[in-house]
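Peer 1: For reference, the file work03.tsv (TSV, C-alpha atoms) is included below:
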```tsv
chain	number	residue	atom	x	y	z
V	3	MET	CA	4.71	20.19	12.93
V	4	GLN	CA	7.65	18.95	10.85
V	5	ASN	CA	6.45	15.33	10.82
V	6	GLU	CA	2.91	16.35	9.88
V	7	ILE	CA	4.10	18.56	7.01
V	8	LEU	CA	6.35	15.78	5.74
V	9	TRP	CA	3.46	13.31	6.01
V	10	LEU	CA	1.25	15.52	3.84
V	11	ALA	CA	4.08	16.05	1.35
V	12	MET	CA	4.66	12.30	1.15
V	13	LEU	CA	0.93	11.74	0.65
V	14	LEU	CA	0.84	14.08	-2.34
V	15	ALA	CA	4.10	12.67	-3.74
V	16	ASN	CA	2.72	9.12	-3.68
V	17	PHE	CA	-0.51	10.07	-5.44
V	18	LEU	CA	1.27	12.08	-8.12
V	19	LEU	CA	3.82	9.33	-8.74
V	20	ILE	CA	0.99	6.84	-9.30
V	21	ILE	CA	-0.71	9.14	-11.79
V	22	LEU	CA	2.62	9.80	-13.53
V	23	ALA	CA	3.31	6.06	-13.77
V	24	TYR	CA	-0.17	5.54	-15.25
V	25	ARG	CA	0.27	8.28	-17.82
V	26	LEU	CA	3.74	7.08	-18.83
V	27	PHE	CA	3.23	3.31	-18.84
V	28	GLY	CA	-0.53	2.72	-18.86
V	29	LYS	CA	-1.87	-0.30	-16.99
V	30	TRP	CA	1.65	-1.62	-16.38
V	31	GLY	CA	2.55	1.59	-14.59
V	32	LEU	CA	-0.16	0.82	-12.06
V	33	VAL	CA	0.93	-2.81	-11.73
V	34	MET	CA	4.52	-1.63	-11.26
V	35	TRP	CA	3.47	0.49	-8.28
V	36	ILE	CA	2.20	-2.52	-6.31
V	37	PRO	CA	5.64	-4.07	-5.61
V	38	ILE	CA	7.09	-0.58	-5.08
V	39	SER	CA	4.48	0.17	-2.41
V	40	VAL	CA	4.78	-3.19	-0.68
V	41	ILE	CA	8.60	-3.18	-0.54
V	42	VAL	CA	8.97	0.47	0.50
V	43	ALA	CA	6.24	0.15	3.14
V	44	ASN	CA	7.88	-2.86	4.74
V	45	ILE	CA	11.15	-0.96	5.08
V	46	GLN	CA	9.56	2.25	6.35
V	47	VAL	CA	7.32	0.46	8.86
V	48	ILE	CA	10.21	-0.27	11.24
V	49	GLN	CA	10.44	3.46	12.03
V	50	THR	CA	8.08	4.66	14.77
V	51	VAL	CA	7.24	8.37	14.84
V	52	GLU	CA	4.78	10.80	16.39
V	53	LEU	CA	2.09	12.16	14.06
V	54	PHE	CA	-0.70	14.49	15.11
V	55	GLY	CA	0.14	13.74	18.74
V	56	LEU	CA	-0.15	9.96	18.30
V	57	VAL	CA	2.33	7.11	18.00
V	58	ALA	CA	2.49	5.77	14.44
V	59	THR	CA	4.70	3.77	12.13
V	60	LEU	CA	5.89	5.00	8.77
V	61	GLY	CA	4.88	3.12	5.65
V	62	ASN	CA	1.18	3.78	6.10
V	63	ILE	CA	0.92	6.14	3.15
V	64	VAL	CA	2.80	4.15	0.54
V	65	TYR	CA	1.15	0.91	1.61
V	66	ALA	CA	-2.32	2.45	1.57
V	67	THR	CA	-1.75	3.66	-1.99
V	68	SER	CA	-1.72	0.02	-3.10
V	69	PHE	CA	-5.48	0.07	-2.45
V	70	LEU	CA	-5.80	3.12	-4.69
V	71	VAL	CA	-3.98	1.25	-7.45
V	72	THR	CA	-6.11	-1.91	-7.18
V	73	ASP	CA	-9.25	0.24	-7.19
V	74	ILE	CA	-8.13	2.01	-10.39
V	75	LEU	CA	-7.31	-1.38	-11.94
V	76	SER	CA	-10.68	-2.76	-10.84
V	77	GLU	CA	-12.51	0.26	-12.20
V	78	ASN	CA	-10.76	0.42	-15.56
V	79	TYR	CA	-9.64	-3.15	-16.30
V	80	GLY	CA	-11.77	-5.46	-14.17
V	81	LYS	CA	-11.45	-7.84	-11.25
V	82	GLU	CA	-8.99	-10.28	-12.81
V	83	GLU	CA	-6.39	-7.61	-13.59
V	84	ALA	CA	-6.64	-6.30	-10.03
V	85	LYS	CA	-6.16	-9.84	-8.68
V	86	LYS	CA	-3.03	-10.29	-10.79
V	87	ALA	CA	-1.59	-7.08	-9.34
V	88	VAL	CA	-2.29	-8.34	-5.81
V	89	TRP	CA	-0.41	-11.58	-6.49
V	90	ILE	CA	2.51	-9.66	-8.02
V	91	GLY	CA	2.80	-7.66	-4.80
V	92	PHE	CA	2.64	-10.87	-2.76
V	93	PHE	CA	5.42	-12.45	-4.83
V	94	SER	CA	7.60	-9.33	-4.66
V	95	LEU	CA	7.49	-9.27	-0.86
V	96	ILE	CA	8.39	-12.95	-0.57
V	97	SER	CA	11.27	-12.43	-3.01
V	98	MET	CA	12.64	-9.39	-1.20
V	99	THR	CA	12.50	-11.11	2.19
V	100	LEU	CA	14.29	-14.21	0.89
V	101	LEU	CA	16.98	-12.34	-1.04
V	102	MET	CA	17.76	-9.81	1.69
V	103	ASN	CA	18.00	-12.45	4.40
V	104	LEU	CA	20.32	-14.49	2.20
V	105	ALA	CA	22.44	-11.37	1.70
V	106	LEU	CA	22.75	-10.95	5.47
V	107	GLN	CA	24.48	-14.32	5.73
V	108	PHE	CA	27.53	-13.01	3.88
V	109	LEU	CA	30.46	-11.89	6.04
V	110	PRO	CA	31.64	-8.32	5.41
V	111	LEU	CA	35.18	-7.77	4.16
V	112	GLU	CA	37.61	-7.95	7.07
V	113	GLY	CA	39.51	-4.74	7.72
V	114	ASP	CA	37.01	-2.65	5.74
V	115	GLU	CA	35.36	-0.41	8.31
V	116	PHE	CA	32.80	0.89	5.84
V	117	ALA	CA	31.76	-2.66	4.88
V	118	GLY	CA	31.26	-3.50	8.55
V	119	VAL	CA	29.14	-0.42	9.18
V	120	THR	CA	27.09	-1.10	6.06
V	121	HIS	CA	26.51	-4.73	7.06
V	122	GLU	CA	25.44	-3.68	10.56
V	123	ALA	CA	23.04	-1.06	9.22
V	124	THR	CA	21.55	-3.51	6.72
V	125	SER	CA	21.13	-6.10	9.47
V	126	THR	CA	19.39	-3.56	11.69
V	127	ILE	CA	16.77	-3.00	9.01
V	128	PHE	CA	16.33	-6.39	7.40
V	129	SER	CA	16.87	-8.68	10.38
V	130	LEU	CA	13.39	-7.56	11.42
V	131	MET	CA	11.98	-8.56	8.07
V	132	PRO	CA	10.83	-12.17	8.69
V	133	ARG	CA	8.26	-11.25	11.33
V	134	ILE	CA	7.33	-8.03	9.56
V	135	ALA	CA	7.06	-9.95	6.30
V	136	VAL	CA	4.79	-12.65	7.76
V	137	ALA	CA	2.56	-9.95	9.21
V	138	SER	CA	2.57	-8.02	5.97
V	139	LEU	CA	1.94	-11.07	3.78
V	140	ALA	CA	-1.05	-12.15	5.85
V	141	ALA	CA	-2.48	-8.64	6.14
V	142	TYR	CA	-1.78	-7.79	2.52
V	143	LEU	CA	-3.35	-10.90	1.05
V	144	LEU	CA	-6.47	-10.85	3.23
V	145	SER	CA	-7.11	-7.12	2.87
V	146	GLN	CA	-6.31	-6.83	-0.84
V	147	ARG	CA	-8.40	-9.84	-1.82
V	148	HIS	CA	-11.25	-8.36	0.20
V	149	ASP	CA	-10.75	-4.97	-1.44
V	150	VAL	CA	-10.99	-6.38	-4.96
V	151	TRP	CA	-14.07	-8.42	-4.04
V	152	ALA	CA	-15.72	-5.53	-2.18
V	153	TYR	CA	-15.04	-3.01	-4.94
V	154	HIS	CA	-16.97	-5.13	-7.45
V	155	PHE	CA	-19.65	-5.93	-4.87
V	156	TRP	CA	-20.33	-2.22	-4.41
V	157	ARG	CA	-19.88	-1.50	-8.11
V	158	LYS	CA	-22.91	-3.67	-8.86
V	159	ARG	CA	-24.95	-1.50	-6.49
V	160	PHE	CA	-23.40	1.88	-7.32
V	161	SER	CA	-22.48	1.54	-10.98
V	162	LYS	CA	-22.52	5.16	-12.20
V	163	ASP	CA	-19.31	7.10	-12.75
V	164	ASN	CA	-20.39	9.76	-10.26
V	165	GLN	CA	-20.64	7.01	-7.63
V	166	ILE	CA	-17.00	5.91	-7.91
V	167	TRP	CA	-16.30	7.63	-4.58
V	168	LEU	CA	-18.82	5.33	-2.88
V	169	ARG	CA	-17.43	2.04	-4.12
V	170	ASN	CA	-13.88	3.26	-3.63
V	171	ASN	CA	-14.35	4.27	-0.01
V	172	LEU	CA	-16.73	1.49	1.03
V	173	SER	CA	-14.33	-1.18	-0.18
V	174	THR	CA	-11.07	0.43	0.91
V	175	MET	CA	-11.96	1.52	4.42
V	176	VAL	CA	-13.11	-1.94	5.49
V	177	SER	CA	-10.14	-3.56	3.77
V	178	GLN	CA	-7.72	-1.26	5.57
V	179	LEU	CA	-9.30	-2.12	8.91
V	180	ILE	CA	-8.68	-5.80	8.16
V	181	ASP	CA	-5.11	-4.98	7.15
V	182	SER	CA	-4.38	-2.93	10.26
V	183	VAL	CA	-5.72	-5.47	12.74
V	184	VAL	CA	-3.93	-8.42	11.16
V	185	PHE	CA	-0.62	-6.60	10.66
V	186	VAL	CA	-0.36	-5.00	14.10
V	187	ALA	CA	-1.38	-8.22	15.88
V	188	ILE	CA	1.27	-10.33	14.12
V	189	ALA	CA	4.07	-7.76	13.80
V	190	PHE	CA	4.01	-6.06	17.20
V	191	TRP	CA	2.34	-8.43	19.68
V	192	GLY	CA	4.77	-8.78	22.56
V	193	VAL	CA	7.03	-6.06	21.18
V	194	TYR	CA	5.10	-3.15	22.67
V	195	PRO	CA	2.91	-2.95	25.80
V	196	MET	CA	-0.83	-3.21	25.14
V	197	PRO	CA	-1.62	0.56	25.41
V	198	VAL	CA	1.04	1.34	22.80
V	199	LEU	CA	-0.16	-1.56	20.65
V	200	VAL	CA	-3.72	-0.25	20.68
V	201	GLU	CA	-2.51	3.27	19.93
V	202	ILE	CA	-0.47	2.02	16.97
V	203	LEU	CA	-3.50	0.10	15.68
V	204	LEU	CA	-5.86	3.06	15.96
V	205	THR	CA	-3.33	5.51	14.56
V	206	THR	CA	-2.39	3.16	11.74
V	207	TYR	CA	-6.02	2.74	10.73
V	208	PHE	CA	-6.76	6.44	11.09
V	209	LEU	CA	-3.85	7.36	8.83
V	210	LYS	CA	-4.82	4.73	6.25
V	211	TRP	CA	-8.42	5.95	6.44
V	212	ALA	CA	-7.19	9.50	5.79
V	213	VAL	CA	-5.23	8.28	2.76
V	214	ALA	CA	-8.33	6.44	1.48
V	215	ALA	CA	-10.45	9.57	1.82
V	216	ALA	CA	-7.79	11.71	0.12
V	217	ASP	CA	-7.23	9.32	-2.79
V	218	THR	CA	-10.79	9.57	-4.16
V	219	PRO	CA	-10.02	12.43	-6.62
V	220	PHE	CA	-7.16	10.35	-8.00
V	221	VAL	CA	-9.47	7.41	-8.76
V	222	TYR	CA	-11.54	9.85	-10.86
V	223	TRP	CA	-8.33	11.16	-12.42
V	224	GLY	CA	-7.35	7.60	-13.28
V	225	LYS	CA	-10.75	7.05	-14.88
V	226	LYS	CA	-10.31	10.22	-16.94
V	227	ILE	CA	-6.87	9.09	-18.12
V	228	TYR	CA	-8.28	5.70	-19.10
V	229	LYS	CA	-11.16	7.19	-21.09
V	230	LYS	CA	-8.85	9.58	-22.90
V	231	ASN	CA	-6.25	6.97	-23.78
V	232	ARG	CA	-8.13	3.67	-23.76
V	233	PHE	CA	-7.00	2.71	-27.26
V	234	TRP	CA	-3.31	2.51	-26.36
V	235	MET	CA	-3.18	2.08	-22.57
V	236	GLU	CA	-3.17	-1.69	-22.50
```
Could you show the structure in this file as structure tokens?
Peer 2:
Amino acid sequence: MQNEILWLAMLLANFLLIILAYRLFGKWGLVMWIPISVIVANIQVIQTVELFGLVATLGNIVYATSFLVTDILSENYGKEEAKKAVWIGFFSLISMTLLMNLALQFLPLEGDEFAGVTHEATSTIFSLMPRIAVASLAAYLLSQRHDVWAYHFWRKRFSKDNQIWLRNNLSTMVSQLIDSVVFVAIAFWGVYPMPVLVEILLTTYFLKWAVAAADTPFVYWGKKIYKKNRFWME
């Protein structure tokens, strides 16, 4: 049960950090969260764990919260602001991958045991980044662009404030399916046998779906914050 309790704690921590960032920094607090979520998720995703009796990778929660952020941006500031946030996340992932792989080319200080251990540990994490990054970039861009489009598609049909939950979930759950299929296919094809690959895909989508369902109250909370502070939260 330890992993499951930690997963729920991490879920709540992510949501509350997003709301705190929004309250402290307004729209830019939300935009700031996009690169945080993308970078942290692509480090956490290399760790495979067991959750609820299924094989899963970490990073699902923090990555899925990027959809919450783009939905709040779409709801409160419009499609163009949400698109800008998507491109900021895309740029941040490219930058991290480039800079970290350049850093790995440096030779550690000879005779310094700690430097050697640190270099080896860093290589273990970030030497996996190119393939993970390609998978993430493709999945991120396709799914996030779809999410922004779908949110406004459903907003035209369910435009009332009490229907936010509909446009939030209808857009996010399809977008996360796109993300999961693209990411798992590129990142793990040939790495794991097919049964494990399918299990990772289903578990990954299930966990992201759970995050999407749980984030709905926080979209309403974001709307409430915006209405209360709309004159200065720009």
Peer 1: Which is closest to Leu179 in chain V among V:Lys158, V:Ala11, V:Lys210, V:Val150, if we use all atoms listed in the file?
Peer 2: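 Checking each candidate against Leu179 in chain V, we get V:Lys210 as the closest.
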Peer 1: Fewer than 4 positions away in the same chain doesn't count, so skip those; otherwise give me all residues within 10 Å of range 51-65 of chain V, counting only C-alpha atoms, as a ChimeraX atom specification.
Peer 2: /V:3-7,9-10,12-17,35-47,69-70,142,178,182,198-214
Peer 1: Just the selected residues (C-alpha atoms), exported as a PDB file, in the coordinates of the input, please.
Peer 2:
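Output (again-v4.pdb):
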```pdb
ATOM      1  CA  MET V   3       4.710  20.190  12.930  1.00  0.00           C
ATOM      2  CA  GLN V   4       7.650  18.950  10.850  1.00  0.00           C
ATOM      3  CA  ASN V   5       6.450  15.330  10.820  1.00  0.00           C
ATOM      4  CA  GLU V   6       2.910  16.350   9.880  1.00  0.00           C
ATOM      5  CA  ILE V   7       4.100  18.560   7.010  1.00  0.00           C
ATOM      6  CA  TRP V   9       3.460  13.310   6.010  1.00  0.00           C
ATOM      7  CA  LEU V  10       1.250  15.520   3.840  1.00  0.00           C
ATOM      8  CA  MET V  12       4.660  12.300   1.150  1.00  0.00           C
ATOM      9  CA  LEU V  13       0.930  11.740   0.650  1.00  0.00           C
ATOM     10  CA  LEU V  14       0.840  14.080  -2.340  1.00  0.00           C
ATOM     11  CA  ALA V  15       4.100  12.670  -3.740  1.00  0.00           C
ATOM     12  CA  ASN V  16       2.720   9.120  -3.680  1.00  0.00           C
ATOM     13  CA  PHE V  17      -0.510  10.070  -5.440  1.00  0.00           C
ATOM     14  CA  TRP V  35       3.470   0.490  -8.280  1.00  0.00           C
ATOM     15  CA  ILE V  36       2.200  -2.520  -6.310  1.00  0.00           C
ATOM     16  CA  PRO V  37       5.640  -4.070  -5.610  1.00  0.00           C
ATOM     17  CA  ILE V  38       7.090  -0.580  -5.080  1.00  0.00           C
ATOM     18  CA  SER V  39       4.480   0.170  -2.410  1.00  0.00           C
ATOM     19  CA  VAL V  40       4.780  -3.190  -0.680  1.00  0.00           C
ATOM     20  CA  ILE V  41       8.600  -3.180  -0.540  1.00  0.00           C
ATOM     21  CA  VAL V  42       8.970   0.470   0.500  1.00  0.00           C
ATOM     22  CA  ALA V  43       6.240   0.150   3.140  1.00  0.00           C
ATOM     23  CA  ASN V  44       7.880  -2.860   4.740  1.00  0.00           C
ATOM     24  CA  ILE V  45      11.150  -0.960   5.080  1.00  0.00           C
ATOM     25  CA  GLN V  46       9.560   2.250   6.350  1.00  0.00           C
ATOM     26  CA  VAL V  47       7.320   0.460   8.860  1.00  0.00           C
ATOM     27  CA  PHE V  69      -5.480   0.070  -2.450  1.00  0.00           C
ATOM     28  CA  LEU V  70      -5.800   3.120  -4.690  1.00  0.00           C
ATOM     29  CA  TYR V 142      -1.780  -7.790   2.520  1.00  0.00           C
ATOM     30  CA  GLN V 178      -7.720  -1.260   5.570  1.00  0.00           C
ATOM     31  CA  SER V 182      -4.380  -2.930  10.260  1.00  0.00           C
ATOM     32  CA  VAL V 198       1.040   1.340  22.800  1.00  0.00           C
ATOM     33  CA  LEU V 199      -0.160  -1.560  20.650  1.00  0.00           C
ATOM     34  CA  VAL V 200      -3.720  -0.250  20.680  1.00  0.00           C
ATOM     35  CA  GLU V 201      -2.510   3.270  19.930  1.00  0.00           C
ATOM     36  CA  ILE V 202      -0.470   2.020  16.970  1.00  0.00           C
ATOM     37  CA  LEU V 203      -3.500   0.100  15.680  1.00  0.00           C
ATOM     38  CA  LEU V 204      -5.860   3.060  15.960  1.00  0.00           C
ATOM     39  CA  THR V 205      -3.330   5.510  14.560  1.00  0.00           C
ATOM     40  CA  THR V 206      -2.390   3.160  11.740  1.00  0.00           C
ATOM     41  CA  TYR V 207      -6.020   2.740  10.730  1.00  0.00           C
ATOM     42  CA  PHE V 208      -6.760   6.440  11.090  1.00  0.00           C
ATOM     43  CA  LEU V 209      -3.850   7.360   8.830  1.00  0.00           C
ATOM     44  CA  LYS V 210      -4.820   4.730   6.250  1.00  0.00           C
ATOM     45  CA  TRP V 211      -8.420   5.950   6.440  1.00  0.00           C
ATOM     46  CA  ALA V 212      -7.190   9.500   5.790  1.00  0.00           C
ATOM     47  CA  VAL V 213      -5.230   8.280   2.760  1.00  0.00           C
ATOM     48  CA  ALA V 214      -8.330   6.440   1.480  1.00  0.00           C
TER      49      ALA V 214
END
```
Peer 1: Using only C-alpha atoms, which of the listed residues (V:Leu101, V:Tyr194, V:Glu82, V:Asp73) sits closest to Thr50 in chain V?
Peer 2: V:Tyr194
Peer 1: Point out the residue among V:Arg169, V:Lys225, V:Lys86, V:Lys81 with the least atom-to-atom distance to Arg157 in chain V, counting only C-alpha atoms.
Peer 2: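 For Arg157 in chain V, the nearest of the candidates is V:Arg169.
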Peer 1: Any idea what's packed within 12 Å of Leu143 in chain V, counting all atoms listed in the file, ignoring anything in its chain fewer than 2 positions away? Could you give it as number ranges by chain?
Peer 2: V: 40, 68-69, 85-93, 95, 135-141, 145-150, 177-178, 180-181, 184-185
Peer 1: Pick out the residues sitting within 9 Å of range 103-113 of chain V, and hand them over as a VMD selection string; count only C-alpha atoms, and ignore anything fewer than 3 positions along from it in its own chain.
Peer 2: chain V and resid 98 to 100 116 to 118 120 to 121 124 to 125 128 to 129 131 to 132
Peer 1: CA of Asn171 in chain V to CA of Ile21 in chain V: how many Å, to one decimal?
Peer 2: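 It comes out at 18.7 Å.
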Peer 1: Restricting the calculation to all atoms listed in the file, which member of V:Thr67, V:Thr126, V:Gln49, V:Asn231 is positioned closest to Ala215 in chain V?
Peer 2: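 Looking at the shortest contact to Ala215 in chain V, the residue is V:Thr67.
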Peer 1: Residues proximal to (-1.5, 4.5, -20.5) were defined as those with any atom within 12 Å of that point in the file's coordinates, counting only C-alpha atoms. Which are they, as a PyMOL selection string?
Peer 2: chain V and resi 20-33+75+78-79+224-236
Peer 1: Using the file's own x, y and z axes, so that the box edges lie along x, y and z, what centre and edge lengths in Å (one decimal) does a box around every listed atom of range 209-222 of chain V get when 4 Å is added on each side? Give it as JSON.
Peer 2:
```
{"center_x": -7.7, "center_y": 8.6, "center_z": -1.0, "size_x": 15.7, "size_y": 15.7, "size_z": 27.7}
```
Peer 1: Quick one: pull the distance between CA of Trp167 in chain V and CA of Leu144 in chain V, Å, one decimal.
Peer 2: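 Straight-line distance from CA of Trp167 in chain V to CA of Leu144 in chain V works out to 22.3 Å.
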Peer 1: Near Gln165 in chain V, within 12 Å and counting only C-alpha atoms, which residues show up once chain neighbours fewer than 4 positions away are dropped, as a list of chain:residue names?
Peer 2: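 Contacts, with the query itself left out: V:Glu77, V:Tyr153, V:Trp156, V:Arg157, V:Lys158, V:Arg159, V:Phe160, V:Ser161, V:Arg169, V:Asn170, V:Asn171, V:Leu172, V:Thr218, V:Pro219, V:Val221, V:Tyr222.
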